[in-house]
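A.B. asks: If you scroll down you'll find the structure; I have some questions about it.
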Amino acid sequence: MKRTLILSLAGAAGLVASCSFGPIWTSPEMPVPAEFRGAGVAGSTMADLPWQQVLKDAQLEQLLNDVFTSNRSLEAMMHNVESARRYITIARAPIFPWVNYMAGANKGASSTSNLSMSDEKTIPGAGGLSASWELDLWGKTRKGVESAEASALAAEEGFNNLRISLMKQVANGYLRLIMLDEQLRIANEAVASYRESLKLFENQLEGGVADRLQTASAQAALSAAEAQIPNLQMQIAELENTLSTLAGRMPGPIARGGSMMRFAQASKVAPGIPADVIARRPDIRAAEQKLRSANAAVGVAIASYFPSISLTGLAGVATPDLRHGMSRSLDGWGIGANLTGPLFQAGQLRANEAMKRDAFLAAKADYEQTVLAAMSEISTTLVQRTKLREIMRKQEQAVASYQESVKLSKARYAQGLASYYEVLTAQQGLFPAQTQLAAYRYQYASCIPTLYTQLGGGWQNK
């Protein structure tokens, strides 16, 4: 070909200076306190630790590994991330020249008489290349690329945020299973004790020693305890099925072991400083990238006011018979430039810019709200952990007192100083207190995975 069309277009366009419109991106500044409410100043944070060192339980670790490798929501999110990354290529493509090819050949005949005679004609074959390049003089394409890059980063942070959300949900569900196991054990002990009491009162009623009030009370206590067993079993099965689904498994039992208190005491709670949370939490990082994308979109809208300049070129060959190749061909080429721009669009461009600016302000408000919500969540969990420690201590004292009451009442009954109704009354205080203590211990233990993920830990160590 006589003209190297693409090289000449590139050389000509490279001499054109370009500029960019729209607001320049700067990371948002959000004032945060020097320390979390409910915690003193700490230079380190538990969020820097790998999750295996915080959630120290072998069976929980296996469960979480299954979640991270087989959870379908994580898989879907990963495909969304890949799609967002590929869109960067689509957004960047107009920066470079576009080259297309074309080729064609036709042959036909037309009838010339009623005797079905025809005049066969050959239409020349043609082939060639066309090129076009829209000069990004006003930075419209570059701002679009920046917006796409920010959206891709926001998608990645969304994946990280989903990962630690699943971590918290699964870890807390695992601990709740241990709590339900403990409550089921207490319910079974209560049923056995109340059944013994009922049998004793029924025998005494037949002998004329006990009255119907004592027998009815024992029957009511037994029935209430028995009702708790299928209820707890139902909750266990439902939670096991939920955790199995999150782990990408068919519904089934979840292996578990250990105690809630051992889990809670295995990790040292160190929240660090609030400023670290902004740099670490995926939801805050995602909100920042969405704000950056919205900022770049404003630049795209502003660039739309200005004309579009594009260079075009064409080079090709034509031949009467493609079988003879280029020996009898005619070649040609052409180059040109086009300028198009808005003249009157009934306020569409102005409204579009205003809309993008509104979207930026909305993204800014979302970012600030995300930061505020993060600080509130962390402070609330820190306060809850401190108060739950006090609550557990008081509840443990209550359980110990009820246990002493049951022991003394049985001793009095054995000595003939009290009826067995006194033992039943003490037991009716003991078993609910033990059940409530198990619930408090679960709440206290669950502060560990909750706080760890709220501080932004877990997604860095995959």
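In the structure tokens, each chain is lettered A, B, ... as it comes, each chain's residues begin at 1, and ligands are numbered from 1 in order of appearance.
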Which residues, written as a list in words, have at least one atom at most 7 Å from region 245-249 of chain A, with only C-alpha atoms counted and residues fewer than 5 positions away on the same chain left out?

C.D. replies: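 Within the cut-off, the hits are Leu63, Asp66, Val67, Ser70, Asn71 and Arg72 of chain A.
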
A.B. asks: Quick one: residues within 9 Å of region 219-221 of chain A, only C-alpha atoms counted, chain neighbours fewer than 3 positions away excluded, as a ChimeraX atom specification?

C.D. replies: /A:190-191,194-195,197-198,214-216,224-226,424,428

A.B. asks: I need the residues of region 321-445 of chain A that end up classed as alpha helix (DSSP H) by DSSP on the backbone, written out as number ranges by chain.

C.D. replies: A: 348-414, 420-445

A.B. asks: If we count only C-alpha atoms, what is near region 181-188 of chain A at a cut-off of 7 Å, once residues fewer than 4 positions away on the same chain are taken out, given as a PDB file with C-alpha atoms, in the first residue's frame?

C.D. replies:
```pdb
ATOM      1  CA  LEU A 177     -24.749 -23.464  67.825  1.00  0.00           C
ATOM      2  CA  ALA A 192     -35.051 -35.259  84.221  1.00  0.00           C
ATOM      3  CA  ALA A 225     -39.105 -27.958  80.047  1.00  0.00           C
ATOM      4  CA  GLN A 228     -38.049 -26.381  75.109  1.00  0.00           C
ATOM      5  CA  ILE A 229     -36.312 -29.488  73.747  1.00  0.00           C
ATOM      6  CA  LEU A 232     -34.055 -25.941  70.600  1.00  0.00           C
ATOM      7  CA  PHE A 431     -32.617 -23.829  85.123  1.00  0.00           C
ATOM      8  CA  THR A 435     -30.152 -20.866  80.195  1.00  0.00           C
ATOM      9  CA  ALA A 438     -25.494 -19.431  78.250  1.00  0.00           C
TER      10      ALA A 438
END
```

A.B. asks: With only C-alpha atoms as the counted atoms, please give the residues lying no more than 7 Å from Ser147 (chain A), apart from itself and same-chain residues fewer than 2 positions off, as a PyMOL selection string.

C.D. replies: chain A and resi 143-145+149-151+292-294+296-297

A.B. asks: Provide the CA of Ala363 (chain A) to CA of Gln289 (chain A) distance in Å, to one decimal place.

C.D. replies: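 Here the two named atoms are 9.4 Å from each other.
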
A.B. asks: Can you tell me, as an MDAnalysis selection string, what residues are no more than 12 Å from Ser376 (chain A) when counting only C-alpha atoms, ignoring any on the same chain fewer than 2 positions away?

C.D. replies: chainID A and resid 32:33 36:38 274 277 369:374 378:383 451 454:455

A.B. asks: Hey, can you spit out that residue selection with all heavy atoms as a compact mmCIF listing (two decimals), in the first residue's frame?

C.D. replies:
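See selection.txt below for the written result:
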```txt
# COMPACT_ATOMS: atom_id res chain seq x y z
N VAL A 32 -12.18 12.19 62.56
CA VAL A 32 -12.54 11.10 63.45
C VAL A 32 -11.89 11.35 64.80
O VAL A 32 -10.87 12.05 64.89
CB VAL A 32 -12.08 9.73 62.89
CG1 VAL A 32 -12.85 9.39 61.63
CG2 VAL A 32 -10.59 9.71 62.64
N PRO A 33 -12.45 10.79 65.88
CA PRO A 33 -11.85 10.99 67.21
C PRO A 33 -10.52 10.28 67.34
O PRO A 33 -10.17 9.40 66.54
CB PRO A 33 -12.90 10.40 68.16
CG PRO A 33 -13.65 9.41 67.32
CD PRO A 33 -13.68 9.99 65.94
N PHE A 36 -11.63 5.32 70.31
CA PHE A 36 -13.00 4.84 70.27
C PHE A 36 -13.67 5.04 71.62
O PHE A 36 -13.04 4.89 72.67
CB PHE A 36 -13.04 3.35 69.92
CG PHE A 36 -12.62 3.05 68.51
CD1 PHE A 36 -11.41 2.41 68.27
CD2 PHE A 36 -13.43 3.37 67.44
CE1 PHE A 36 -11.03 2.11 66.98
CE2 PHE A 36 -13.05 3.08 66.15
CZ PHE A 36 -11.85 2.45 65.91
N ARG A 37 -14.95 5.37 71.56
CA ARG A 37 -15.72 5.38 72.79
C ARG A 37 -15.82 3.97 73.33
O ARG A 37 -16.15 3.03 72.62
CB ARG A 37 -17.13 5.92 72.53
CG ARG A 37 -18.00 5.96 73.77
CD ARG A 37 -19.42 6.39 73.44
NE ARG A 37 -20.24 6.43 74.63
CZ ARG A 37 -21.55 6.68 74.64
NH1 ARG A 37 -22.17 6.91 73.48
NH2 ARG A 37 -22.22 6.71 75.77
N GLY A 38 -15.47 3.81 74.58
CA GLY A 38 -15.50 2.48 75.18
C GLY A 38 -14.15 1.80 75.21
O GLY A 38 -14.05 0.66 75.64
N PRO A 274 -9.15 5.01 65.52
CA PRO A 274 -10.21 5.15 64.52
C PRO A 274 -9.71 5.47 63.12
O PRO A 274 -10.31 5.03 62.14
CB PRO A 274 -11.06 6.31 65.09
CG PRO A 274 -10.84 6.25 66.56
CD PRO A 274 -9.40 5.83 66.72
N VAL A 277 -9.27 2.57 60.77
CA VAL A 277 -10.47 1.92 60.25
C VAL A 277 -10.83 2.44 58.87
O VAL A 277 -11.25 1.69 57.99
CB VAL A 277 -11.64 2.11 61.24
CG1 VAL A 277 -12.94 1.55 60.66
CG2 VAL A 277 -11.33 1.45 62.57
N GLN A 369 -21.59 8.91 55.72
CA GLN A 369 -22.48 8.09 56.54
C GLN A 369 -21.86 6.73 56.84
O GLN A 369 -22.01 6.20 57.94
CB GLN A 369 -23.82 7.91 55.83
CG GLN A 369 -24.85 7.11 56.62
CD GLN A 369 -25.23 7.77 57.94
OE1 GLN A 369 -25.23 9.00 58.03
NE2 GLN A 369 -25.54 6.98 58.95
N THR A 370 -21.14 6.16 55.86
CA THR A 370 -20.47 4.88 56.06
C THR A 370 -19.41 4.98 57.15
O THR A 370 -19.28 4.08 57.99
CB THR A 370 -19.83 4.40 54.75
OG1 THR A 370 -20.84 4.30 53.73
CG2 THR A 370 -19.17 3.03 54.92
N VAL A 371 -18.66 6.08 57.15
CA VAL A 371 -17.64 6.29 58.18
C VAL A 371 -18.29 6.43 59.55
O VAL A 371 -17.86 5.81 60.53
CB VAL A 371 -16.78 7.53 57.85
CG1 VAL A 371 -15.82 7.83 59.01
CG2 VAL A 371 -16.00 7.31 56.56
N LEU A 372 -19.34 7.25 59.63
CA LEU A 372 -20.02 7.44 60.91
C LEU A 372 -20.61 6.13 61.43
O LEU A 372 -20.52 5.83 62.63
CB LEU A 372 -21.13 8.50 60.74
CG LEU A 372 -20.68 9.93 60.48
CD1 LEU A 372 -21.87 10.83 60.20
CD2 LEU A 372 -19.89 10.47 61.67
N ALA A 373 -21.23 5.36 60.53
CA ALA A 373 -21.82 4.09 60.94
C ALA A 373 -20.74 3.13 61.44
O ALA A 373 -20.95 2.39 62.41
CB ALA A 373 -22.58 3.47 59.78
N ALA A 374 -19.58 3.13 60.79
CA ALA A 374 -18.48 2.26 61.22
C ALA A 374 -18.02 2.62 62.63
O ALA A 374 -17.82 1.74 63.48
CB ALA A 374 -17.32 2.35 60.24
N ILE A 378 -18.38 0.07 65.99
CA ILE A 378 -17.23 -0.36 66.78
C ILE A 378 -17.38 0.08 68.23
O ILE A 378 -17.13 -0.71 69.16
CB ILE A 378 -15.93 0.20 66.17
CG1 ILE A 378 -15.71 -0.40 64.77
CG2 ILE A 378 -14.73 -0.08 67.06
CD1 ILE A 378 -14.62 0.28 63.98
N SER A 379 -17.76 1.32 68.44
CA SER A 379 -17.93 1.82 69.81
C SER A 379 -19.01 1.03 70.55
O SER A 379 -18.85 0.69 71.73
CB SER A 379 -18.29 3.30 69.78
OG SER A 379 -17.23 4.07 69.25
N THR A 380 -20.10 0.73 69.85
CA THR A 380 -21.18 -0.04 70.47
C THR A 380 -20.70 -1.42 70.89
O THR A 380 -20.99 -1.89 72.00
CB THR A 380 -22.36 -0.17 69.51
OG1 THR A 380 -22.87 1.13 69.20
CG2 THR A 380 -23.47 -1.02 70.11
N THR A 381 -19.93 -2.09 70.03
CA THR A 381 -19.43 -3.43 70.36
C THR A 381 -18.46 -3.38 71.53
O THR A 381 -18.47 -4.27 72.40
CB THR A 381 -18.76 -4.06 69.13
OG1 THR A 381 -19.69 -4.09 68.04
CG2 THR A 381 -18.30 -5.47 69.43
N LEU A 382 -17.61 -2.37 71.57
CA LEU A 382 -16.67 -2.23 72.69
C LEU A 382 -17.40 -2.04 74.00
O LEU A 382 -17.05 -2.64 75.03
CB LEU A 382 -15.72 -1.06 72.42
CG LEU A 382 -14.67 -1.29 71.34
CD1 LEU A 382 -13.97 0.02 71.00
CD2 LEU A 382 -13.65 -2.33 71.76
N VAL A 383 -18.43 -1.19 73.99
CA VAL A 383 -19.22 -0.96 75.21
C VAL A 383 -19.96 -2.24 75.58
O VAL A 383 -20.02 -2.63 76.77
CB VAL A 383 -20.20 0.21 75.00
CG1 VAL A 383 -21.15 0.32 76.19
CG2 VAL A 383 -19.43 1.52 74.83
N LEU A 451 -16.28 -7.57 66.41
CA LEU A 451 -15.35 -6.45 66.49
C LEU A 451 -14.22 -6.60 65.47
O LEU A 451 -13.80 -5.63 64.84
CB LEU A 451 -14.79 -6.35 67.90
CG LEU A 451 -13.86 -5.16 68.18
CD1 LEU A 451 -14.59 -3.84 67.95
CD2 LEU A 451 -13.30 -5.22 69.59
N GLN A 454 -15.58 -5.60 62.17
CA GLN A 454 -15.92 -4.17 62.17
C GLN A 454 -14.67 -3.30 62.06
O GLN A 454 -14.72 -2.20 61.48
CB GLN A 454 -16.69 -3.81 63.45
CG GLN A 454 -18.12 -4.31 63.46
CD GLN A 454 -18.81 -4.04 64.78
OE1 GLN A 454 -18.16 -3.73 65.79
NE2 GLN A 454 -20.13 -4.15 64.79
N LEU A 455 -13.55 -3.79 62.57
CA LEU A 455 -12.30 -3.06 62.46
C LEU A 455 -11.64 -3.24 61.09
O LEU A 455 -10.62 -2.60 60.80
CB LEU A 455 -11.32 -3.52 63.55
CG LEU A 455 -11.70 -3.15 64.99
CD1 LEU A 455 -10.79 -3.87 65.98
CD2 LEU A 455 -11.62 -1.64 65.20
```

A.B. asks: Write out as a short mmCIF file (atom, residue, chain, number, x, y, z; two decimals) with all heavy atoms, in the first residue's frame each polymer residue whose atoms come within 8 Å of region 163-173 of chain A, counting only C-alpha atoms; drop sequence neighbours fewer than 2 positions from it.

C.D. replies:
```cif
data_model
loop_
_atom_site.label_atom_id
_atom_site.label_comp_id
_atom_site.auth_asym_id
_atom_site.auth_seq_id
_atom_site.Cartn_x
_atom_site.Cartn_y
_atom_site.Cartn_z
N LEU A 55 -9.84 -16.18 65.37
CA LEU A 55 -10.92 -17.16 65.52
C LEU A 55 -10.30 -18.54 65.72
O LEU A 55 -10.28 -19.36 64.82
CB LEU A 55 -11.82 -17.13 64.29
CG LEU A 55 -12.31 -15.73 63.87
CD1 LEU A 55 -13.17 -15.82 62.62
CD2 LEU A 55 -13.07 -15.04 65.00
N LEU A 60 -14.16 -24.43 63.34
CA LEU A 60 -14.61 -23.18 62.75
C LEU A 60 -13.71 -22.78 61.59
O LEU A 60 -14.19 -22.28 60.56
CB LEU A 60 -14.63 -22.08 63.81
CG LEU A 60 -14.94 -20.66 63.31
CD1 LEU A 60 -16.30 -20.61 62.61
CD2 LEU A 60 -14.88 -19.65 64.46
N LEU A 64 -14.98 -22.04 57.81
CA LEU A 64 -14.73 -20.78 57.10
C LEU A 64 -13.96 -21.02 55.80
O LEU A 64 -14.21 -20.34 54.80
CB LEU A 64 -13.96 -19.82 58.01
CG LEU A 64 -14.78 -19.16 59.12
CD1 LEU A 64 -13.88 -18.38 60.07
CD2 LEU A 64 -15.86 -18.24 58.54
N VAL A 67 -16.43 -21.90 53.31
CA VAL A 67 -17.20 -20.71 52.92
C VAL A 67 -16.43 -19.90 51.88
O VAL A 67 -16.98 -19.49 50.85
CB VAL A 67 -17.53 -19.85 54.15
CG1 VAL A 67 -18.12 -18.50 53.72
CG2 VAL A 67 -18.50 -20.57 55.08
N PHE A 68 -15.15 -19.66 52.14
CA PHE A 68 -14.36 -18.82 51.24
C PHE A 68 -14.11 -19.46 49.88
O PHE A 68 -13.88 -18.76 48.89
CB PHE A 68 -13.02 -18.47 51.90
CG PHE A 68 -13.16 -17.67 53.17
CD1 PHE A 68 -12.24 -17.81 54.21
CD2 PHE A 68 -14.21 -16.79 53.34
CE1 PHE A 68 -12.37 -17.07 55.37
CE2 PHE A 68 -14.35 -16.06 54.50
CZ PHE A 68 -13.43 -16.20 55.52
N LEU A 74 -20.09 -15.31 47.04
CA LEU A 74 -18.73 -14.84 46.78
C LEU A 74 -18.33 -15.10 45.33
O LEU A 74 -17.68 -14.26 44.69
CB LEU A 74 -17.76 -15.54 47.72
CG LEU A 74 -17.59 -14.97 49.13
CD1 LEU A 74 -16.64 -15.84 49.94
CD2 LEU A 74 -17.09 -13.54 49.09
N PHE A 159 -16.38 -7.04 47.17
CA PHE A 159 -16.08 -8.46 47.37
C PHE A 159 -15.43 -8.68 48.73
O PHE A 159 -15.79 -9.61 49.46
CB PHE A 159 -15.16 -8.94 46.25
CG PHE A 159 -14.66 -10.35 46.43
CD1 PHE A 159 -15.43 -11.42 46.00
CD2 PHE A 159 -13.43 -10.60 47.02
CE1 PHE A 159 -14.98 -12.73 46.17
CE2 PHE A 159 -12.97 -11.89 47.18
CZ PHE A 159 -13.76 -12.96 46.75
N ASN A 160 -14.46 -7.83 49.07
CA ASN A 160 -13.80 -7.95 50.38
C ASN A 160 -14.79 -7.76 51.52
O ASN A 160 -14.73 -8.44 52.55
CB ASN A 160 -12.67 -6.93 50.49
CG ASN A 160 -11.55 -7.20 49.51
OD1 ASN A 160 -11.31 -8.35 49.13
ND2 ASN A 160 -10.85 -6.16 49.09
N ASN A 161 -15.71 -6.82 51.34
CA ASN A 161 -16.70 -6.56 52.39
C ASN A 161 -17.64 -7.74 52.55
O ASN A 161 -18.01 -8.11 53.68
CB ASN A 161 -17.49 -5.30 52.05
CG ASN A 161 -18.37 -4.84 53.20
OD1 ASN A 161 -17.89 -4.64 54.32
ND2 ASN A 161 -19.65 -4.69 52.94
N LEU A 175 -20.84 -20.01 67.01
CA LEU A 175 -20.91 -19.81 68.45
C LEU A 175 -22.34 -19.98 68.97
O LEU A 175 -22.56 -20.51 70.07
CB LEU A 175 -20.40 -18.41 68.81
CG LEU A 175 -18.91 -18.18 68.62
CD1 LEU A 175 -18.56 -16.72 68.81
CD2 LEU A 175 -18.11 -19.05 69.58
N ARG A 176 -23.31 -19.57 68.17
CA ARG A 176 -24.71 -19.74 68.59
C ARG A 176 -25.07 -21.21 68.64
O ARG A 176 -25.86 -21.63 69.50
CB ARG A 176 -25.63 -18.99 67.64
CG ARG A 176 -27.07 -18.94 68.12
CD ARG A 176 -27.88 -17.89 67.39
NE ARG A 176 -29.23 -17.83 67.92
CZ ARG A 176 -30.25 -18.54 67.43
NH1 ARG A 176 -30.07 -19.32 66.39
NH2 ARG A 176 -31.45 -18.45 67.97
N LEU A 177 -24.51 -22.03 67.75
CA LEU A 177 -24.75 -23.46 67.83
C LEU A 177 -24.24 -24.03 69.15
O LEU A 177 -24.90 -24.88 69.77
CB LEU A 177 -24.06 -24.17 66.66
CG LEU A 177 -24.79 -24.21 65.32
CD1 LEU A 177 -23.94 -24.90 64.28
CD2 LEU A 177 -26.15 -24.90 65.45
N LEU A 239 -30.21 -23.56 61.96
CA LEU A 239 -28.93 -22.86 61.90
C LEU A 239 -27.88 -23.71 61.20
O LEU A 239 -27.05 -23.19 60.44
CB LEU A 239 -28.48 -22.50 63.31
CG LEU A 239 -27.22 -21.63 63.45
CD1 LEU A 239 -27.31 -20.39 62.58
CD2 LEU A 239 -27.01 -21.25 64.91
N LEU A 243 -25.78 -22.50 57.88
CA LEU A 243 -24.33 -22.51 57.79
C LEU A 243 -23.84 -23.43 56.67
O LEU A 243 -22.86 -23.14 55.99
CB LEU A 243 -23.72 -22.93 59.13
CG LEU A 243 -23.95 -21.95 60.29
CD1 LEU A 243 -23.34 -22.51 61.57
CD2 LEU A 243 -23.35 -20.59 59.98
N LEU A 246 -24.18 -21.53 53.44
CA LEU A 246 -23.12 -20.52 53.31
C LEU A 246 -21.79 -21.17 52.94
O LEU A 246 -20.97 -20.54 52.26
CB LEU A 246 -22.99 -19.73 54.61
CG LEU A 246 -24.17 -18.83 54.97
CD1 LEU A 246 -23.95 -18.17 56.33
CD2 LEU A 246 -24.41 -17.77 53.90
N SER A 446 -19.40 -13.60 70.93
CA SER A 446 -19.62 -13.11 69.57
C SER A 446 -19.05 -11.71 69.36
O SER A 446 -18.92 -11.28 68.22
CB SER A 446 -21.12 -13.11 69.25
OG SER A 446 -21.81 -12.14 70.02
N PRO A 449 -15.60 -12.02 66.87
CA PRO A 449 -15.69 -11.91 65.41
C PRO A 449 -16.37 -10.64 64.94
O PRO A 449 -16.03 -10.09 63.89
CB PRO A 449 -16.50 -13.16 65.00
CG PRO A 449 -17.22 -13.57 66.23
CD PRO A 449 -16.33 -13.20 67.37
N THR A 450 -17.32 -10.15 65.74
CA THR A 450 -18.01 -8.91 65.35
C THR A 450 -17.04 -7.74 65.34
O THR A 450 -16.96 -6.99 64.35
CB THR A 450 -19.17 -8.63 66.31
OG1 THR A 450 -20.13 -9.68 66.23
CG2 THR A 450 -19.86 -7.31 65.95
N THR A 453 -14.21 -8.00 62.51
CA THR A 453 -14.65 -7.62 61.17
C THR A 453 -15.03 -6.15 61.09
O THR A 453 -14.83 -5.50 60.07
CB THR A 453 -15.84 -8.49 60.72
OG1 THR A 453 -16.87 -8.44 61.72
CG2 THR A 453 -15.39 -9.93 60.56
N GLY A 456 -12.24 -4.09 60.25
CA GLY A 456 -11.70 -4.28 58.90
C GLY A 456 -10.73 -5.42 58.80
O GLY A 456 -9.94 -5.47 57.85
N GLY A 457 -10.75 -6.35 59.75
CA GLY A 457 -9.83 -7.48 59.68
C GLY A 457 -10.43 -8.65 58.93
O GLY A 457 -11.65 -8.79 58.83
N GLY A 458 -9.56 -9.49 58.37
CA GLY A 458 -10.01 -10.73 57.76
C GLY A 458 -9.89 -10.83 56.28
O GLY A 458 -9.59 -11.89 55.74
N TRP A 459 -10.11 -9.74 55.56
CA TRP A 459 -10.08 -9.83 54.10
C TRP A 459 -8.66 -9.77 53.54
O TRP A 459 -8.40 -10.24 52.43
CB TRP A 459 -10.92 -8.72 53.48
CG TRP A 459 -10.40 -7.32 53.71
CD1 TRP A 459 -10.73 -6.49 54.73
CD2 TRP A 459 -9.45 -6.60 52.91
NE1 TRP A 459 -10.06 -5.30 54.64
CE2 TRP A 459 -9.26 -5.34 53.51
CE3 TRP A 459 -8.74 -6.90 51.75
CZ2 TRP A 459 -8.40 -4.39 52.99
CZ3 TRP A 459 -7.88 -5.94 51.24
CH2 TRP A 459 -7.73 -4.71 51.85
#
```

A.B. asks: Which of these, A:Glu422, A:Ile448, A:Ser130, A:Gly158, has the shortest distance to Asn100 (chain A) once you count only C-alpha atoms?

C.D. replies: A:Ser130
